[in-house]
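Engineer: Contents of model-v3.tsv (TSV, C-alpha atoms and all ligand atoms) are given next:
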chain	number	residue	atom	x	y	z
A	1368	MET	CA	53.72	-77.55	127.50
A	1369	PRO	CA	54.99	-81.15	127.30
A	1370	ALA	CA	53.87	-83.14	130.31
A	1371	ALA	CA	57.39	-84.26	131.12
A	1372	VAL	CA	58.61	-80.72	131.79
A	1373	ALA	CA	57.60	-79.54	135.23
A	1374	ALA	CA	56.85	-75.87	135.68
A	1375	VAL	CA	59.29	-74.13	137.98
A	1376	ASP	CA	58.35	-71.11	140.05
A	1377	GLU	CA	60.51	-68.22	138.94
A	1378	GLN	CA	60.91	-66.66	142.34
A	1379	THR	CA	61.72	-69.72	144.41
A	1380	GLY	CA	63.08	-72.14	141.82
A	1381	LEU	CA	60.73	-74.82	143.18
A	1382	ILE	CA	58.91	-77.26	140.93
A	1383	LYS	CA	55.31	-76.10	141.06
A	1384	LYS	CA	53.54	-79.22	142.13
A	1385	GLY	CA	51.75	-80.42	145.22
A	1386	ALA	CA	52.92	-78.75	148.41
A	1387	TRP	CA	55.54	-76.49	146.86
A	1388	GLN	CA	54.13	-73.43	148.62
A	1389	LEU	CA	54.56	-75.12	151.99
A	1390	VAL	CA	58.18	-75.74	151.13
A	1391	ALA	CA	58.55	-72.12	150.02
A	1392	ALA	CA	57.09	-71.00	153.35
A	1393	HIS	CA	59.07	-73.32	155.64
A	1394	CYS	CA	62.34	-73.98	153.90
A	1395	GLY	CA	63.55	-70.66	152.53
A	1396	GLY	CA	63.95	-68.68	155.73
A	1397	CYS	CA	67.46	-69.69	156.74
A	1398	HIS	CA	69.11	-70.57	153.48
A	1399	SER	CA	68.38	-70.28	149.81
A	1400	LEU	CA	65.78	-72.64	148.41
A	1401	GLN	CA	68.48	-73.53	145.93
A	1402	LEU	CA	70.07	-75.52	148.72
A	1403	VAL	CA	66.85	-77.53	148.80
A	1404	THR	CA	66.43	-77.94	145.05
A	1405	SER	CA	70.06	-78.89	144.54
A	1406	ASN	CA	69.77	-81.79	146.98
A	1407	ARG	CA	68.31	-85.21	146.33
A	1408	GLY	CA	66.98	-87.92	148.56
A	1409	ASP	CA	64.32	-90.47	149.17
A	1410	ARG	CA	61.74	-89.79	151.86
A	1411	GLN	CA	63.98	-91.15	154.60
A	1412	ILE	CA	66.91	-88.98	153.60
A	1413	TRP	CA	64.74	-85.87	153.50
A	1414	LEU	CA	63.32	-86.78	156.89
A	1415	GLU	CA	66.81	-87.12	158.31
A	1416	THR	CA	67.77	-83.75	156.83
A	1417	ILE	CA	64.79	-82.15	158.54
A	1418	ARG	CA	65.53	-83.87	161.86
A	1419	TRP	CA	69.15	-82.78	161.65
A	1420	MET	CA	68.10	-79.16	161.09
A	1421	GLN	CA	65.65	-79.41	163.97
A	1422	GLU	CA	68.31	-80.74	166.31
A	1423	ARG	CA	71.22	-78.60	165.20
A	1424	GLN	CA	69.97	-75.63	163.23
A	1425	ASN	CA	66.92	-74.39	165.10
A	1426	LEU	CA	64.41	-75.54	162.54
A	1427	TRP	CA	61.00	-75.37	164.17
A	1428	GLN	CA	58.71	-78.35	164.68
A	1429	LEU	CA	56.44	-78.93	161.72
A	1430	ASP	CA	52.99	-80.24	162.49
A	1431	PRO	CA	52.68	-83.86	161.32
A	1432	GLN	CA	50.43	-83.08	158.39
A	1433	THR	CA	52.65	-80.28	157.12
A	1434	GLU	CA	55.73	-82.44	157.55
A	1435	ASP	CA	54.08	-85.28	155.66
A	1436	GLN	CA	53.17	-82.99	152.76
A	1437	ILE	CA	56.66	-81.49	152.64
A	1438	LEU	CA	58.29	-84.94	152.67
A	1439	THR	CA	56.01	-86.18	149.91
A	1440	TYR	CA	56.80	-83.12	147.83
A	1441	LEU	CA	60.56	-83.46	148.32
A	1442	ALA	CA	60.71	-87.21	147.71
A	1443	ASP	CA	58.53	-86.91	144.60
A	1444	ASN	CA	60.23	-83.94	143.01
A	1445	TYR	CA	63.82	-84.24	144.22
A	1446	PRO	CA	64.21	-88.02	144.49
A	1447	ALA	CA	67.40	-89.93	145.15
A	1448	SER	CA	67.04	-91.81	141.90
A	1449	ALA	CA	67.00	-88.72	139.70
A	1450	PRO	CA	69.86	-88.88	137.27
A	1451	ARG	CA	72.32	-86.19	138.26
A	1452	ARG	CA	74.70	-86.56	135.38
A	1453	ARG	CA	74.12	-86.50	131.71
A	1454	LYS	CA	74.56	-89.73	129.81
A	1455	PRO	CA	78.07	-90.40	128.54
A	1456	LEU	CA	78.74	-89.14	125.03
A	1457	ALA	CA	78.29	-91.62	122.24
A	1458	ALA	CA	81.58	-93.00	120.96
A	1459	HIS	CA	81.21	-91.33	117.59
A	1460	LEU	CA	81.01	-87.93	119.31
A	1461	LEU	CA	84.25	-88.35	121.22
A	1462	PRO	CA	87.40	-86.66	119.91
A	1463	THR	CA	89.98	-88.88	118.30
A	1464	ASN	CA	93.60	-88.47	119.19
A	1501	LIG	C1	65.79	-72.49	161.10
A	1501	LIG	C2	66.63	-72.42	159.94
A	1501	LIG	C3	66.37	-73.43	158.81
A	1501	LIG	C4	65.19	-73.71	158.18
A	1501	LIG	C5	63.85	-73.05	158.39
A	1501	LIG	C6	65.48	-74.74	157.20
A	1501	LIG	N1	66.82	-75.04	157.23
A	1501	LIG	FE1	67.76	-76.31	155.95
A	1501	LIG	N2	69.54	-75.84	156.82
A	1501	LIG	C7	69.72	-74.92	157.84
A	1501	LIG	C8	71.13	-74.74	158.08
A	1501	LIG	C9	71.76	-73.78	159.09
A	1501	LIG	C10	71.79	-75.58	157.16
A	1501	LIG	C11	73.30	-75.71	156.92
A	1501	LIG	C12	73.59	-74.67	155.88
A	1501	LIG	C13	74.96	-74.72	155.35
A	1501	LIG	O1	75.65	-75.75	155.49
A	1501	LIG	O2	75.34	-73.70	154.73
A	1501	LIG	C14	70.76	-76.26	156.38
A	1501	LIG	C15	71.02	-77.16	155.36
A	1501	LIG	C16	70.07	-77.74	154.55
A	1501	LIG	C17	70.33	-78.70	153.51
A	1501	LIG	C18	71.70	-79.20	153.09
A	1501	LIG	C19	72.03	-80.36	153.99
A	1501	LIG	C20	73.34	-80.96	153.63
A	1501	LIG	O3	73.44	-82.19	153.79
A	1501	LIG	O4	74.25	-80.25	153.21
A	1501	LIG	C21	69.14	-79.05	152.97
A	1501	LIG	C22	68.89	-80.04	151.84
A	1501	LIG	C23	68.13	-78.32	153.68
A	1501	LIG	N3	68.72	-77.52	154.63
A	1501	LIG	C24	66.78	-78.43	153.42
A	1501	LIG	C25	65.79	-77.75	154.13
A	1501	LIG	C26	64.37	-78.00	153.96
A	1501	LIG	C27	63.76	-79.02	153.03
A	1501	LIG	C28	63.73	-77.14	154.80
A	1501	LIG	C29	62.25	-77.02	155.05
A	1501	LIG	C30	61.62	-78.18	155.67
A	1501	LIG	C31	64.76	-76.36	155.50
A	1501	LIG	N4	65.99	-76.77	155.07
A	1501	LIG	C32	64.51	-75.34	156.41
A	1501	LIG	C33	68.72	-74.26	158.51
A	1501	LIG	C34	67.40	-74.26	158.19
For the structure just supplied, provide its representation as structure tokens.

Structural biologist:
Amino acid sequence: MPAAVAAVDEQTGLIKKGAWQLVAAHCGGCHSLQLVTSNRGDRQIWLETIRWMQERQNLWQLDPQTEDQILTYLADNYPASAPRRRKPLAAHLLPTN
């Protein structure tokens, strides 16, 4: 498999790297993990998302080590800088009118 293509777990849709099983265990109970994988953020944004769920949505406290591993996983695999749109089409591929 080319190194650039990350393996994705079929059941959860999570990129199988690092602490993905922790994320599967802690983040799929209330909503689909697709909600997780379809979001993007740097570490701070993911932290704020977790804090918001803890304050408003009954997310349990994560022990500091678990939280750290989850944040690292999310920021590494679903980062804010990931391109979310394809590149624009080249001019010669655009229709003429
Ligand atoms: C105790 C229940 C619960 C758990 C566990 C939980 N969440 Fe959530 N989360 C929610 C609720 C409720 C929402 C709002 C859902 C909606 O808007 O449909 C939400 C929304 C989200 C969103 C979307 C936020 C937005 O801005 O729209 C993301 C991303 C997210 N959760 C990530 C996670 C991650 C990562 C974990 C694991 C650390 C996690 N969730 C675990 C309850 C939970």

Engineer: If the limit is 7 Å from any atom of ligand LIG 1501 (chain A), counting only C-alpha atoms and all ligand atoms, which residues qualify? Return them as a list in words.

Structural biologist: Val1390, His1393, Cys1394, Gly1395, Gly1396, Cys1397, His1398, Leu1402, Val1403, Asn1406, Trp1413, Thr1416, Ile1417, Met1420, Gln1424, Asn1425, Leu1426, Trp1427 and Ile1437 of chain A

Engineer: Just how far from CA of Asp1409 in chain A is CA of Ala1447 in chain A, in Å to one decimal?

Structural biologist: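 So the two atoms, CA of Ala1447 in chain A and CA of Asp1409 in chain A, lie 5.1 Å apart.
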
Engineer: Provide the CA of Arg1410 in chain A to CA of Leu1441 in chain A distance in Å, to one decimal place.

Structural biologist: 7.3 Å

Engineer: May I ask for the distance between CA of Tyr1445 in chain A and CA of Ala1386 in chain A, given in Å to one decimal place?

Structural biologist: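 Between these atoms lies a distance of 12.9 Å.
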
Engineer: Select, from A:Gln1421, A:Ser1448, A:Glu1434, A:Trp1387, the residue with the minimum atom-to-atom distance to Gly1408 in chain A, counting all atoms listed in the file.

Structural biologist: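 Ranking A:Gln1421, A:Ser1448, A:Glu1434, A:Trp1387 by distance to Gly1408 in chain A, first place goes to A:Ser1448.
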
Engineer: Determine the nearest neighbour of Leu1438 in chain A from the options A:His1459, A:Arg1418, A:Arg1423, A:Lys1383, counting only C-alpha atoms.

Structural biologist: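 Distance minimum relative to Leu1438 in chain A lands on A:Arg1418.
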
Engineer: When distances are computed from only C-alpha atoms, which of A:Val1372, A:Ile1382, A:Leu1400, A:Glu1377 shows the smallest separation from Tyr1440 in chain A?

Structural biologist: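 Closest residue, counting only C-alpha atoms: A:Ile1382.
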
Engineer: Have a look at A:Leu1460, A:Pro1455, A:Gln1401, A:Asp1430 and name the one nearest to Leu1389 in chain A; count only C-alpha atoms.

Structural biologist: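 Smallest distance to Leu1389 in chain A is found for A:Asp1430.
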
Engineer: Out of A:Leu1414, A:Ser1399, A:Leu1461, A:Thr1379, which residue has the shortest atom-to-atom distance to Gln1436 in chain A when counting all atoms listed in the file?

Structural biologist: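 Nearest to Gln1436 in chain A: A:Leu1414.
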